[in-house]
Each structure stands twice: as C-alpha cells, then as structure tokens.
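Novice: Data: data08.cif, mmCIF, C-alpha atoms and all ligand atoms.
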```
data_structure
#
loop_
_atom_site.label_atom_id
_atom_site.label_comp_id
_atom_site.auth_asym_id
_atom_site.auth_seq_id
_atom_site.Cartn_x
_atom_site.Cartn_y
_atom_site.Cartn_z
CA MET R 1 -25.21 -13.52 -6.45
CA ALA R 2 -22.05 -13.58 -8.63
CA GLU R 3 -23.96 -11.82 -11.41
CA LEU R 4 -25.20 -9.15 -9.03
CA VAL R 5 -21.69 -8.40 -7.75
CA GLN R 6 -20.34 -8.24 -11.31
CA ARG R 7 -23.13 -5.91 -12.42
CA TYR R 8 -22.53 -3.70 -9.41
CA LEU R 9 -18.81 -3.33 -10.25
CA ASP R 10 -19.60 -2.67 -13.93
CA ASP R 11 -22.08 0.03 -12.87
CA LEU R 12 -19.44 1.64 -10.65
CA VAL R 13 -16.96 1.69 -13.53
CA ALA R 14 -19.59 3.14 -15.89
CA GLU R 15 -20.47 5.80 -13.34
CA TYR R 16 -16.87 7.03 -13.19
CA ALA R 17 -15.89 6.56 -16.84
CA GLU R 18 -16.51 10.22 -17.70
CA VAL R 19 -15.22 11.79 -14.48
CA SER R 20 -11.79 13.42 -14.70
CA ASP R 21 -11.03 15.13 -11.39
CA GLY R 22 -7.71 15.11 -9.56
CA ALA R 23 -4.14 15.19 -10.82
CA LEU R 24 -1.37 12.66 -11.48
CA ALA R 25 1.48 12.64 -8.96
CA ASP R 26 4.28 14.60 -10.61
CA TYR R 27 6.94 14.76 -7.90
CA ILE R 28 8.08 11.41 -9.32
CA PRO R 29 8.37 12.58 -12.96
CA GLU R 30 7.83 9.13 -14.48
CA LEU R 31 4.36 8.89 -12.91
CA THR R 32 3.13 11.64 -15.28
CA GLN R 33 3.48 9.13 -18.15
CA VAL R 34 0.42 7.21 -16.93
CA ASP R 35 -2.97 7.59 -18.66
CA PRO R 36 -5.02 9.59 -16.11
CA SER R 37 -8.32 8.14 -17.34
CA GLY R 38 -7.48 4.54 -16.33
CA PHE R 39 -10.02 3.02 -13.92
CA GLY R 40 -9.96 -0.53 -12.65
CA LEU R 41 -11.80 -2.39 -9.92
CA THR R 42 -11.28 -5.82 -8.43
CA LEU R 43 -13.18 -7.44 -5.60
CA SER R 44 -11.88 -10.62 -4.01
CA SER R 45 -14.29 -12.67 -1.94
CA SER R 46 -12.90 -14.33 1.16
CA ASP R 47 -12.51 -17.63 -0.71
CA GLY R 48 -10.38 -15.91 -3.36
CA PHE R 49 -12.93 -15.56 -6.16
CA LEU R 50 -12.22 -12.41 -8.18
CA TYR R 51 -14.73 -10.04 -9.72
CA GLU R 52 -13.08 -7.55 -12.06
CA SER R 53 -14.19 -4.56 -14.06
CA GLY R 54 -12.62 -1.79 -16.19
CA ASP R 55 -8.82 -1.69 -16.32
CA ALA R 56 -8.42 -4.35 -13.65
CA ARG R 57 -5.40 -5.91 -15.41
CA THR R 58 -3.49 -2.69 -16.13
CA GLU R 59 -0.19 -2.56 -14.26
CA PHE R 60 0.85 0.43 -12.15
CA THR R 61 3.42 0.87 -9.41
CA ILE R 62 2.42 -0.21 -5.93
CA GLN R 63 3.99 2.86 -4.23
CA SER R 64 2.77 3.23 -0.64
CA ILE R 65 0.50 0.20 -0.74
CA SER R 66 3.81 -1.58 -0.20
CA LYS R 67 4.03 -0.15 3.31
CA PRO R 68 1.66 -2.49 5.21
CA PHE R 69 3.26 -5.50 3.52
CA THR R 70 6.84 -4.62 4.44
CA TYR R 71 5.63 -3.80 7.96
CA ALA R 72 3.99 -7.24 8.11
CA LEU R 73 7.20 -8.86 6.87
CA ALA R 74 9.26 -7.03 9.50
CA LEU R 75 6.81 -8.15 12.24
CA ASP R 76 6.93 -11.67 10.89
CA GLN R 77 10.74 -11.81 10.80
CA VAL R 78 11.84 -10.00 13.96
CA GLY R 79 8.68 -9.87 16.13
CA GLU R 80 6.57 -7.09 17.64
CA GLU R 81 9.00 -6.05 20.35
CA ALA R 82 11.86 -5.33 17.96
CA VAL R 83 9.53 -3.53 15.53
CA ASP R 84 7.84 -1.47 18.27
CA ALA R 85 11.25 -0.30 19.49
CA LYS R 86 11.73 1.45 16.12
CA ILE R 87 8.23 2.37 14.84
CA GLY R 88 5.13 3.67 16.69
CA VAL R 89 1.46 2.95 15.94
CA GLU R 90 -0.04 6.43 16.41
CA PRO R 91 -1.73 8.32 13.57
CA SER R 92 0.42 11.30 12.64
CA GLY R 93 -2.23 13.57 11.12
CA GLU R 94 0.52 14.65 8.77
CA ALA R 95 1.28 14.26 5.08
CA PHE R 96 2.80 10.94 4.01
CA ASN R 97 6.18 12.54 3.33
CA GLU R 98 6.47 14.62 6.50
CA ILE R 99 10.02 14.85 7.83
CA SER R 100 9.05 13.94 11.37
CA VAL R 101 9.51 11.60 14.32
CA ASP R 102 7.61 11.26 17.60
CA ASP R 103 8.69 14.03 20.00
CA LYS R 104 9.47 11.66 22.88
CA THR R 105 10.64 8.41 21.32
CA LYS R 106 12.42 9.95 18.28
CA THR R 107 11.06 7.10 16.16
CA PRO R 108 8.56 7.34 13.26
CA LYS R 109 4.97 7.76 14.47
CA ASN R 110 3.64 4.90 12.38
CA PRO R 111 4.65 2.54 9.53
CA MET R 112 2.21 4.00 6.96
CA ILE R 113 4.03 7.32 6.48
CA ASN R 114 7.33 7.36 4.62
CA ALA R 115 9.47 7.67 7.77
CA GLY R 116 7.93 4.52 9.24
CA ALA R 117 8.05 2.68 5.95
CA ILE R 118 11.76 3.37 5.52
CA ALA R 119 12.29 2.12 9.10
CA SER R 120 10.30 -1.06 8.27
CA VAL R 121 12.61 -1.79 5.33
CA ALA R 122 15.66 -1.59 7.60
CA LEU R 123 14.07 -4.09 10.02
CA VAL R 124 13.86 -6.88 7.44
CA PRO R 125 16.92 -9.00 8.23
CA ALA R 126 19.28 -9.44 5.27
CA ALA R 127 22.98 -9.55 4.46
CA GLY R 128 22.67 -6.65 2.00
CA PRO R 129 20.25 -4.57 -0.08
CA ASP R 130 19.76 -7.15 -2.85
CA GLU R 131 18.85 -9.90 -0.40
CA ARG R 132 16.55 -7.50 1.45
CA PHE R 133 14.74 -6.50 -1.72
CA ALA R 134 14.46 -10.15 -2.79
CA LYS R 135 12.81 -11.02 0.54
CA ILE R 136 10.37 -8.14 0.20
CA ARG R 137 9.51 -8.99 -3.40
CA ASP R 138 9.05 -12.68 -2.53
CA PHE R 139 6.72 -11.79 0.33
CA TYR R 140 4.54 -9.51 -1.81
CA SER R 141 4.53 -12.12 -4.57
CA ALA R 142 3.41 -14.82 -2.14
CA CYS R 143 0.53 -12.54 -1.10
CA ALA R 144 -0.33 -11.77 -4.75
CA GLY R 145 0.02 -15.41 -5.87
CA ARG R 146 2.35 -14.53 -8.77
CA PRO R 147 5.90 -13.15 -9.13
CA LEU R 148 5.74 -9.35 -9.26
CA GLU R 149 7.91 -7.41 -11.70
CA PHE R 150 9.82 -4.25 -11.04
CA ASP R 151 9.53 -0.93 -12.96
CA GLU R 152 13.06 0.27 -13.63
CA ASP R 153 11.95 3.67 -15.06
CA VAL R 154 9.81 4.61 -12.07
CA TYR R 155 12.55 3.45 -9.70
CA ARG R 156 15.20 5.57 -11.44
CA SER R 157 12.88 8.55 -11.61
CA GLU R 158 12.13 8.42 -7.89
CA LYS R 159 15.74 7.79 -6.97
CA ALA R 160 16.87 10.80 -9.03
CA THR R 161 14.35 13.16 -7.39
CA GLY R 162 13.96 11.64 -3.91
CA SER R 163 15.62 14.35 -1.79
CA ARG R 164 12.76 14.44 0.64
CA ASN R 165 12.97 10.73 1.36
CA ARG R 166 16.74 11.09 1.60
CA ALA R 167 16.21 13.78 4.26
CA ILE R 168 13.88 11.40 6.13
CA ALA R 169 16.33 8.49 5.96
CA TYR R 170 19.25 10.59 7.21
CA MET R 171 17.10 12.02 10.00
CA LEU R 172 16.19 8.45 11.06
CA ASP R 173 19.83 7.45 10.90
CA SER R 174 20.78 10.38 13.16
CA PHE R 175 18.25 9.11 15.75
CA GLY R 176 19.64 5.56 15.57
CA VAL R 177 16.48 4.13 13.97
CA LEU R 178 18.24 2.51 10.99
CA ALA R 179 20.63 -0.35 11.68
CA ASP R 180 22.02 -0.10 8.13
CA ASP R 181 23.41 2.46 5.71
CA PRO R 182 20.61 5.01 4.99
CA ASP R 183 21.33 5.14 1.23
CA GLU R 184 21.13 1.36 0.95
CA VAL R 185 17.89 1.21 2.96
CA LEU R 186 16.40 3.97 0.82
CA ASP R 187 17.39 2.22 -2.37
CA VAL R 188 15.40 -0.85 -1.26
CA TYR R 189 12.46 1.41 -0.32
CA PHE R 190 12.48 2.98 -3.82
CA ARG R 191 12.63 -0.49 -5.36
CA GLN R 192 9.71 -1.81 -3.31
CA CYS R 193 7.60 1.23 -4.28
CA SER R 194 8.35 0.49 -7.96
CA LEU R 195 6.98 -3.05 -7.99
CA ARG R 196 4.26 -3.36 -10.63
CA VAL R 197 0.81 -4.61 -9.67
CA THR R 198 -2.71 -4.67 -11.10
CA SER R 199 -5.86 -4.08 -9.10
CA ALA R 200 -6.33 -7.87 -9.27
CA ASP R 201 -2.91 -8.41 -7.64
CA LEU R 202 -3.73 -5.93 -4.90
CA ALA R 203 -7.12 -7.54 -4.33
CA ARG R 204 -5.30 -10.86 -3.83
CA MET R 205 -2.72 -9.26 -1.54
CA GLY R 206 -5.55 -7.69 0.47
CA ALA R 207 -7.43 -11.00 0.48
CA THR R 208 -4.39 -12.62 2.10
CA LEU R 209 -4.78 -10.12 4.94
CA ALA R 210 -8.57 -10.60 4.99
CA ARG R 211 -7.94 -14.34 5.47
CA GLY R 212 -5.59 -13.87 8.40
CA GLY R 213 -2.36 -14.47 6.47
CA VAL R 214 -3.41 -17.30 4.14
CA ASN R 215 -3.51 -16.56 0.41
CA PRO R 216 -7.01 -17.85 -0.49
CA GLN R 217 -5.98 -18.62 -4.06
CA THR R 218 -2.82 -20.64 -3.40
CA GLY R 219 -3.77 -21.86 0.09
CA ARG R 220 -0.32 -20.90 1.33
CA ARG R 221 0.10 -19.33 4.76
CA VAL R 222 2.41 -16.37 4.28
CA THR R 223 2.33 -14.97 7.81
CA SER R 224 0.58 -15.38 11.16
CA THR R 225 -2.85 -14.09 12.20
CA ARG R 226 -1.20 -11.98 14.91
CA VAL R 227 0.95 -10.18 12.33
CA VAL R 228 -2.12 -9.56 10.18
CA GLN R 229 -4.15 -8.27 13.14
CA ARG R 230 -1.47 -5.71 13.94
CA THR R 231 -1.05 -4.69 10.29
CA LEU R 232 -4.79 -4.19 9.73
CA SER R 233 -5.07 -2.18 12.98
CA VAL R 234 -2.44 0.26 11.79
CA MET R 235 -4.10 0.45 8.36
CA VAL R 236 -7.39 1.53 10.00
CA THR R 237 -5.86 4.40 11.94
CA CYS R 238 -3.00 5.50 9.66
CA GLY R 239 -3.46 4.01 6.18
CA MET R 240 -5.00 7.10 4.60
CA TYR R 241 -2.55 9.61 6.14
CA ASN R 242 -4.10 12.94 7.08
CA ALA R 243 -7.42 11.82 5.58
CA ALA R 244 -7.61 8.82 7.96
CA GLY R 245 -10.41 10.27 10.12
CA ASP R 246 -12.63 11.09 7.13
CA TRP R 247 -11.92 7.68 5.69
CA VAL R 248 -12.82 5.77 8.86
CA SER R 249 -16.10 7.63 9.27
CA ALA R 250 -17.06 7.49 5.58
CA VAL R 251 -15.83 3.99 4.67
CA GLY R 252 -14.73 2.26 7.87
CA MET R 253 -12.32 -0.36 6.53
CA PRO R 254 -8.58 -0.92 6.99
CA ALA R 255 -7.06 0.46 3.82
CA LYS R 256 -3.95 1.72 2.11
CA SER R 257 -3.47 4.09 -0.78
CA GLY R 258 -0.48 4.82 -3.02
CA VAL R 259 0.46 7.69 -5.34
CA GLY R 260 0.33 5.23 -8.26
CA GLY R 261 -3.46 5.54 -7.86
CA GLY R 262 -4.32 2.30 -6.09
CA ILE R 263 -6.39 1.94 -2.92
CA VAL R 264 -6.94 -1.43 -1.29
CA ALA R 265 -9.64 -1.79 1.37
CA VAL R 266 -10.03 -4.93 3.47
CA VAL R 267 -13.09 -6.24 5.29
CA PRO R 268 -11.49 -8.87 7.54
CA GLY R 269 -12.90 -12.36 7.00
CA ARG R 270 -15.15 -11.19 4.17
CA LEU R 271 -13.67 -9.42 1.18
CA THR R 272 -11.17 -7.01 -0.31
CA LEU R 273 -11.84 -4.29 -2.83
CA CYS R 274 -9.12 -2.60 -4.83
CA VAL R 275 -9.70 0.46 -6.97
CA TRP R 276 -7.14 1.96 -9.33
CA SER R 277 -7.50 5.44 -10.77
CA PRO R 278 -4.27 7.44 -10.99
CA ALA R 279 -5.60 11.01 -10.59
CA LEU R 280 -5.06 12.02 -6.95
CA ASP R 281 -6.54 14.43 -4.42
CA PRO R 282 -4.28 16.89 -2.53
CA GLN R 283 -3.50 14.25 0.15
CA GLY R 284 -2.11 11.90 -2.49
CA ASN R 285 -5.06 9.48 -2.40
CA SER R 286 -6.81 8.36 -5.60
CA LEU R 287 -9.73 10.73 -5.96
CA LEU R 288 -12.10 8.39 -7.79
CA GLY R 289 -10.84 5.52 -5.68
CA LEU R 290 -12.05 7.32 -2.57
CA LYS R 291 -15.39 8.15 -4.16
CA ALA R 292 -15.96 4.61 -5.43
CA LEU R 293 -15.07 3.07 -2.07
CA GLU R 294 -17.31 5.50 -0.22
CA LEU R 295 -20.19 4.59 -2.50
CA PHE R 296 -19.44 0.89 -2.10
CA ALA R 297 -19.32 1.11 1.71
CA GLY R 298 -22.53 3.17 1.76
CA LYS R 299 -24.43 0.74 -0.45
CA THR R 300 -23.20 -2.49 1.12
CA GLY R 301 -23.07 -1.39 4.76
CA LEU R 302 -19.72 -3.15 5.06
CA SER R 303 -18.02 -0.67 7.39
CA ILE R 304 -16.34 -2.78 10.08
CA PHE R 305 -17.93 -0.48 12.63
N1 LIG C 1 7.35 6.19 -3.33
C1 LIG C 1 6.50 7.21 -2.84
C2 LIG C 1 7.22 8.16 -1.91
O1 LIG C 1 7.98 7.74 -1.10
C3 LIG C 1 5.31 6.59 -2.15
C4 LIG C 1 4.35 7.63 -1.61
C5 LIG C 1 2.90 7.22 -1.67
O2 LIG C 1 2.48 6.36 -2.42
N2 LIG C 1 2.11 7.92 -0.89
O3 LIG C 1 7.04 9.33 -1.95
#
```
Show this structure as structure tokens.
Ligand code: GLN

Specialist:
Amino acid sequence: MAELVQRYLDDLVAEYAEVSDGALADYIPELTQVDPSGFGLTLSSSDGFLYESGDARTEFTIQSISKPFTYALALDQVGEEAVDAKIGVEPSGEAFNEISVDDKTKTPKNPMINAGAIASVALVPAAGPDERFAKIRDFYSACAGRPLEFDEDVYRSEKATGSRNRAIAYMLDSFGVLADDPDEVLDVYFRQCSLRVTSADLARMGATLARGGVNPQTGRRVTSTRVVQRTLSVMVTCGMYNAAGDWVSAVGMPAKSGVGGGIVAVVPGRLTLCVWSPALDPQGNSLLGLKALELFAGKTGLSIF
C-alpha cells in the first residue's frame, strides 16, 4: 500500500513537471523571487505517516493558509461566542482582499478572506503585538511539529505595499471590530503570513485538523475537537474564496490556499494532502495545485460528500 501511494504521488509530480501555466503573485513584490516551476506534494495519513514527492521540502511563505489556524487559535482562546460576535461564517463570493463587511452586522463575512483574518488576529488575547505573534507562531509550530521560521524579506515587502490590507484594517476599526490598534494588528497579520513552511509542514498542520486537534506525529493535543469542527466547516464553504463552489463540487474537501502557492486539503479522520506550486490562477489559488487535487479527488473518490 505504501509503495502504491508513493508511486501515485511520483506520477502526479511527473505529470505536472512540464506544465507552466499561471503566474506568480506580484502584488507582494518579494513573491516574484520564487522559482515558478517548483512543485511539491506531501500526503499525511491519519496516523502521521508522510509520503512526499517533488519539492516537498522547499520552504515558501504560508500566506493565507495561516487564516484557518489563527481562527482556530482565536476560537480556542476566547470561545465561539466572542469570535462569532466579530466574524461571520458565510461565504462571501468575493475576492480574498475585498474591502467588505456584512451589510447587517458590519463584521467580516468569514475568517478566510483578509477582513476576517485580520479580525481573527485581533481576537487572540495578548498584551502587545510581539506576544500575539509569539502565540500565533507557537500554535502553528505545535500543529507542524517543529518551530516555524519567519521570512523577513516577504514581511517587509508586504508591509511596504499593503495599502489594501491597511484599508481593510481601518474599515474594521471604524466598525468597532478590532479591539486593538489597527496598525499593530495588521503588523501581526503580515508577520503570520510570512511564516515559512514546506508542503510537509502544511501536511502535518492539516493532519492535526484531520485528527481532531491532536498532532499525529507528536501526540500533542493542540486544540479541541469542537474548535477543529468549526474551522473545517468554514474551510469547506469559504477556504477557496470565490472559487469555493467549483472546489466543493470538483474536490469536496475542506481546504485552504495561499498566494505563496500552497493548498492544503483535509479529509477528516483520514488524510491530508498538501500541494505547492507557486504559479496562481486569477483567483489567487495555485493553478497546478487545483489541478492535482482535482485529479487526486477524482481518482481516490475521497470527496467528503
Ligand atoms: N498576505 C496575503 C494578503 O493579505 C495573503 C493573501 C492570500 O494568500 N490569499 O494579501
């Protein structure tokens, strides 16, 4: 069985080795420094065994794949009621960086778009931005099973060009969504997006969700099953932004993408697959990542539906 899985991943990598569609994200200038032909795949079984192929150990920035994990941390620390008062759970059907809130509640529609992710950061209790970032980094690291490093260049690049996110943070502040200074909250958001991961790290982080909050490699419980259930639900409906409907019908797994080129897809109780390929489609999702995951779901019949 192990050999079959490995061969299957190697075949997927070989199939996409020559394909060069899509484009690197360039609104964060530093992201154009990445080799667009990188392609890595990691599958974690539910007991934490990893199958890897291609550039599975190449580091890239986590970007929006951070969002479900900070949302989970906020739920874990302050509870559902406090989180729900500030962030909805409805798909927005909009781009990830839309400057928007829900018409009635004046809170972000969901935690997977930037507005909701910035609100999640502010919900993590801390005495200041450094403590808040340390808590976030520790939580991701506990899910990954190793201490994650931070990419100073990508962080500076995003901070220098992040007017759109600044607009979102100030809009949220004007609606009373952020309990702290918007610039400080945003700075932590930029830092969390700049944490460096490999597809193997993301497979482990996803596996921690697949196992209901227990990291299968370290055996450590990092959060509760209730927190994970909520997080995975929001990933199903909102994780792929305005491509969420296509994704659910074609692949049918809770997932999250990031403009660094990663996509992590979770089959609760069974496995996690992470693909990294930095060339993106117009929605900001890894183009080959989508194709590979569609093929995988089609072949294995692992859609949760
Ligand atoms: N840091 C990025 C941003 O806020 C994350 C976006 C993404 O990965 N979709 O624009």

Novice: As a VMD selection string, please: the residues near Glu131 in chain R (cut-off 12 Å, only C-alpha atoms, same-chain neighbours under 4 positions excluded).

Specialist: chain R and resid 121 to 122 124 to 127 135 to 138 184 to 185 188

Novice: Would you give the centre and edge lengths, in Å to one decimal, of a box along x, y and z around the listed atoms of ligand LIG 1 (chain C), with 5 Å added to each side, as AutoDock Vina command-line options?

Specialist:
```
--center_x 5.0 --center_y 7.8 --center_z -2.1 --size_x 15.9 --size_y 13.1 --size_z 12.4
```

Novice: Between CA of Arg146 in chain R and CA of Ala279 in chain R, what is the distance in Å, rounded to a tenth?

Specialist: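 Here the two named atoms are 26.8 Å from each other.
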
Novice: Could you list, as a list in words, all protein and nucleic acid residues with an atom at most 7 Å from ligand LIG 1 (chain C), counting all atoms listed in the file?

Specialist: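 The residues within 7 Å of ligand LIG 1 (chain C), counting all atoms listed in the file, are Gln63, Ser64, Ile65, Phe96, Asn97, Asn114, Glu158, Asn165, Phe190, Cys193, Ser257, Gly258, Val259, Gly260 and Gly284 of chain R.
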
Novice: May I have the residues at most 8 Å from (-10.7, -7.1, 5.5) in the file's coordinates, counting all atoms listed in the file, as a PyMOL selection string?

Specialist: chain R and resi 206-207+209-211+232+253-254+265-272

Novice: Write a file of the just-selected residues containing C-alpha atoms, as a PDB file, in the frame of the given file.

Specialist:
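And here's again-v9.pdb as it stands now:
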```
ATOM      1  CA  GLY R 206      -5.550  -7.690   0.470  1.00  0.00           C
ATOM      2  CA  ALA R 207      -7.430 -11.000   0.480  1.00  0.00           C
ATOM      3  CA  LEU R 209      -4.780 -10.120   4.940  1.00  0.00           C
ATOM      4  CA  ALA R 210      -8.570 -10.600   4.990  1.00  0.00           C
ATOM      5  CA  ARG R 211      -7.940 -14.340   5.470  1.00  0.00           C
ATOM      6  CA  LEU R 232      -4.790  -4.190   9.730  1.00  0.00           C
ATOM      7  CA  MET R 253     -12.320  -0.360   6.530  1.00  0.00           C
ATOM      8  CA  PRO R 254      -8.580  -0.920   6.990  1.00  0.00           C
ATOM      9  CA  ALA R 265      -9.640  -1.790   1.370  1.00  0.00           C
ATOM     10  CA  VAL R 266     -10.030  -4.930   3.470  1.00  0.00           C
ATOM     11  CA  VAL R 267     -13.090  -6.240   5.290  1.00  0.00           C
ATOM     12  CA  PRO R 268     -11.490  -8.870   7.540  1.00  0.00           C
ATOM     13  CA  GLY R 269     -12.900 -12.360   7.000  1.00  0.00           C
ATOM     14  CA  ARG R 270     -15.150 -11.190   4.170  1.00  0.00           C
ATOM     15  CA  LEU R 271     -13.670  -9.420   1.180  1.00  0.00           C
ATOM     16  CA  THR R 272     -11.170  -7.010  -0.310  1.00  0.00           C
TER      17      THR R 272
END
```

Novice: If you count only C-alpha atoms, which residues fall within 10 Å of Ser303 in chain R, apart from same-chain ones fewer than 3 positions away, as a ChimeraX atom specification?

Specialist: /R:248-254,266-267,294,296-298,300

Novice: Check which residues of range 23-124 of chain R sit at most 9 Å from range 173-182 of chain R using only C-alpha atoms, and return one row each with the closest pair of atoms and their distance in Å to one decimal, ordered by chain and rising number, as a Markdown table.

Specialist:
```
| residue | atom | partner | partner_atom | distance |
| --- | --- | --- | --- | --- |
| R:Ala85 | CA | R:Val177 | CA | 8.8 |
| R:Lys86 | CA | R:Val177 | CA | 5.9 |
| R:Ile87 | CA | R:Val177 | CA | 8.5 |
| R:Lys106 | CA | R:Phe175 | CA | 6.4 |
| R:Thr107 | CA | R:Val177 | CA | 6.6 |
| R:Pro108 | CA | R:Val177 | CA | 8.6 |
| R:Ile118 | CA | R:Leu178 | CA | 8.5 |
| R:Ala119 | CA | R:Leu178 | CA | 6.3 |
| R:Ala122 | CA | R:Leu178 | CA | 5.9 |
| R:Leu123 | CA | R:Ala179 | CA | 7.7 |
```

Novice: Work out how far apart CA of Arg196 in chain R and CA of Glu149 in chain R are and give it in Å to one decimal.

Specialist: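 Separating CA of Arg196 in chain R from CA of Glu149 in chain R is a distance of 5.6 Å.
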
Novice: Between CA of Leu202 in chain R and CA of Ala134 in chain R, what distance in Å does the model show, to one decimal?

Specialist: 18.8 Å

Novice: Out of R:Lys256, R:Arg220, R:Lys159, R:Arg166, which residue has the shortest atom-to-atom distance to Pro111 in chain R when counting all atoms listed in the file?

Specialist: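 For Pro111 in chain R, the nearest of the candidates is R:Lys256.
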
Novice: Taking 4 positions as the minimum chain separation for residues in the same chain, which residues sit within 10 Å of Arg221 in chain R when counting only C-alpha atoms? Answer as a ChimeraX atom specification.

Specialist: /R:142-143,208,211-216,225

Novice: Residues near Cys238 in chain R, anyone? I mean within 8 Å using only C-alpha atoms, not counting same-chain ones fewer than 2 positions away, as a ChimeraX atom specification.

Specialist: /R:90-92,110,112-113,234-236,240-242,244

Novice: Give me the residues within 9 Å of Leu75 in chain R as a short mmCIF file (atom, residue, chain, number, x, y, z; two decimals) with C-alpha atoms, in the coordinates of the input, counting all atoms listed in the file and dropping any in the same chain fewer than 2 places off.

Specialist:
```
data_model
loop_
_atom_site.label_atom_id
_atom_site.label_comp_id
_atom_site.auth_asym_id
_atom_site.auth_seq_id
_atom_site.Cartn_x
_atom_site.Cartn_y
_atom_site.Cartn_z
CA THR R 70 6.84 -4.62 4.44
CA TYR R 71 5.63 -3.80 7.96
CA ALA R 72 3.99 -7.24 8.11
CA LEU R 73 7.20 -8.86 6.87
CA GLN R 77 10.74 -11.81 10.80
CA VAL R 78 11.84 -10.00 13.96
CA GLY R 79 8.68 -9.87 16.13
CA GLU R 80 6.57 -7.09 17.64
CA GLU R 81 9.00 -6.05 20.35
CA ALA R 82 11.86 -5.33 17.96
CA VAL R 83 9.53 -3.53 15.53
CA SER R 120 10.30 -1.06 8.27
CA LEU R 123 14.07 -4.09 10.02
CA VAL R 124 13.86 -6.88 7.44
CA VAL R 227 0.95 -10.18 12.33
CA ARG R 230 -1.47 -5.71 13.94
CA THR R 231 -1.05 -4.69 10.29
#
```

Novice: Which is closer to Ser194 in chain R than all the others in R:Ala23, R:Val154, R:Val13, R:Leu295, using all atoms listed in the file?

Specialist: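 The shortest atom-to-atom distance to Ser194 in chain R comes from R:Val154.
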
Novice: Fix up range 281-296 of chain R with N, CA, C and O atoms, then write it as a PDB file, keeping the file's coordinate frame.

Specialist:
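Just written: rebuild21.pdb:
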```pdb
ATOM      1  N   ASP R 281      -6.099  13.226  -5.128  1.00  0.00           N
ATOM      2  CA  ASP R 281      -6.540  14.430  -4.420  1.00  0.00           C
ATOM      3  C   ASP R 281      -5.304  15.075  -3.756  1.00  0.00           C
ATOM      4  O   ASP R 281      -4.195  14.521  -3.844  1.00  0.00           O
ATOM      5  N   PRO R 282      -5.465  16.215  -3.091  1.00  0.00           N
ATOM      6  CA  PRO R 282      -4.280  16.890  -2.530  1.00  0.00           C
ATOM      7  C   PRO R 282      -3.538  16.064  -1.470  1.00  0.00           C
ATOM      8  O   PRO R 282      -2.355  16.298  -1.213  1.00  0.00           O
ATOM      9  N   GLN R 283      -4.191  15.099  -0.851  1.00  0.00           N
ATOM     10  CA  GLN R 283      -3.500  14.250   0.150  1.00  0.00           C
ATOM     11  C   GLN R 283      -2.713  13.115  -0.496  1.00  0.00           C
ATOM     12  O   GLN R 283      -2.045  12.349   0.187  1.00  0.00           O
ATOM     13  N   GLY R 284      -2.839  12.969  -1.800  1.00  0.00           N
ATOM     14  CA  GLY R 284      -2.110  11.900  -2.490  1.00  0.00           C
ATOM     15  C   GLY R 284      -2.894  10.598  -2.524  1.00  0.00           C
ATOM     16  O   GLY R 284      -2.334   9.531  -2.753  1.00  0.00           O
ATOM     17  N   ASN R 285      -4.216  10.667  -2.306  1.00  0.00           N
ATOM     18  CA  ASN R 285      -5.060   9.480  -2.400  1.00  0.00           C
ATOM     19  C   ASN R 285      -5.851   9.542  -3.713  1.00  0.00           C
ATOM     20  O   ASN R 285      -6.283  10.629  -4.121  1.00  0.00           O
ATOM     21  N   SER R 286      -6.060   8.395  -4.346  1.00  0.00           N
ATOM     22  CA  SER R 286      -6.810   8.360  -5.600  1.00  0.00           C
ATOM     23  C   SER R 286      -8.194   8.972  -5.392  1.00  0.00           C
ATOM     24  O   SER R 286      -8.979   8.517  -4.552  1.00  0.00           O
ATOM     25  N   LEU R 287      -8.491  10.003  -6.182  1.00  0.00           N
ATOM     26  CA  LEU R 287      -9.730  10.730  -5.960  1.00  0.00           C
ATOM     27  C   LEU R 287     -10.967   9.873  -6.280  1.00  0.00           C
ATOM     28  O   LEU R 287     -11.893   9.761  -5.479  1.00  0.00           O
ATOM     29  N   LEU R 288     -10.952   9.235  -7.453  1.00  0.00           N
ATOM     30  CA  LEU R 288     -12.100   8.390  -7.790  1.00  0.00           C
ATOM     31  C   LEU R 288     -12.108   7.125  -6.952  1.00  0.00           C
ATOM     32  O   LEU R 288     -13.167   6.569  -6.657  1.00  0.00           O
ATOM     33  N   GLY R 289     -10.929   6.681  -6.565  1.00  0.00           N
ATOM     34  CA  GLY R 289     -10.840   5.520  -5.680  1.00  0.00           C
ATOM     35  C   GLY R 289     -11.584   5.777  -4.385  1.00  0.00           C
ATOM     36  O   GLY R 289     -12.370   4.943  -3.908  1.00  0.00           O
ATOM     37  N   LEU R 290     -11.352   6.959  -3.817  1.00  0.00           N
ATOM     38  CA  LEU R 290     -12.050   7.320  -2.570  1.00  0.00           C
ATOM     39  C   LEU R 290     -13.546   7.363  -2.783  1.00  0.00           C
ATOM     40  O   LEU R 290     -14.329   6.824  -1.997  1.00  0.00           O
ATOM     41  N   LYS R 291     -13.944   8.012  -3.900  1.00  0.00           N
ATOM     42  CA  LYS R 291     -15.390   8.150  -4.160  1.00  0.00           C
ATOM     43  C   LYS R 291     -16.042   6.788  -4.349  1.00  0.00           C
ATOM     44  O   LYS R 291     -17.114   6.515  -3.817  1.00  0.00           O
ATOM     45  N   ALA R 292     -15.378   5.929  -5.141  1.00  0.00           N
ATOM     46  CA  ALA R 292     -15.960   4.610  -5.430  1.00  0.00           C
ATOM     47  C   ALA R 292     -16.068   3.783  -4.146  1.00  0.00           C
ATOM     48  O   ALA R 292     -17.083   3.110  -3.909  1.00  0.00           O
ATOM     49  N   LEU R 293     -15.043   3.866  -3.301  1.00  0.00           N
ATOM     50  CA  LEU R 293     -15.070   3.070  -2.070  1.00  0.00           C
ATOM     51  C   LEU R 293     -16.107   3.608  -1.085  1.00  0.00           C
ATOM     52  O   LEU R 293     -16.748   2.831  -0.360  1.00  0.00           O
ATOM     53  N   GLU R 294     -16.289   4.914  -1.085  1.00  0.00           N
ATOM     54  CA  GLU R 294     -17.310   5.500  -0.220  1.00  0.00           C
ATOM     55  C   GLU R 294     -18.700   5.024  -0.646  1.00  0.00           C
ATOM     56  O   GLU R 294     -19.525   4.619   0.171  1.00  0.00           O
ATOM     57  N   LEU R 295     -18.904   5.039  -1.956  1.00  0.00           N
ATOM     58  CA  LEU R 295     -20.190   4.590  -2.500  1.00  0.00           C
ATOM     59  C   LEU R 295     -20.414   3.118  -2.177  1.00  0.00           C
ATOM     60  O   LEU R 295     -21.502   2.708  -1.739  1.00  0.00           O
ATOM     61  N   PHE R 296     -19.367   2.326  -2.354  1.00  0.00           N
ATOM     62  CA  PHE R 296     -19.440   0.890  -2.100  1.00  0.00           C
ATOM     63  C   PHE R 296     -19.791   0.621  -0.627  1.00  0.00           C
ATOM     64  O   PHE R 296     -20.693  -0.165  -0.317  1.00  0.00           O
TER      65      PHE R 296
END
```
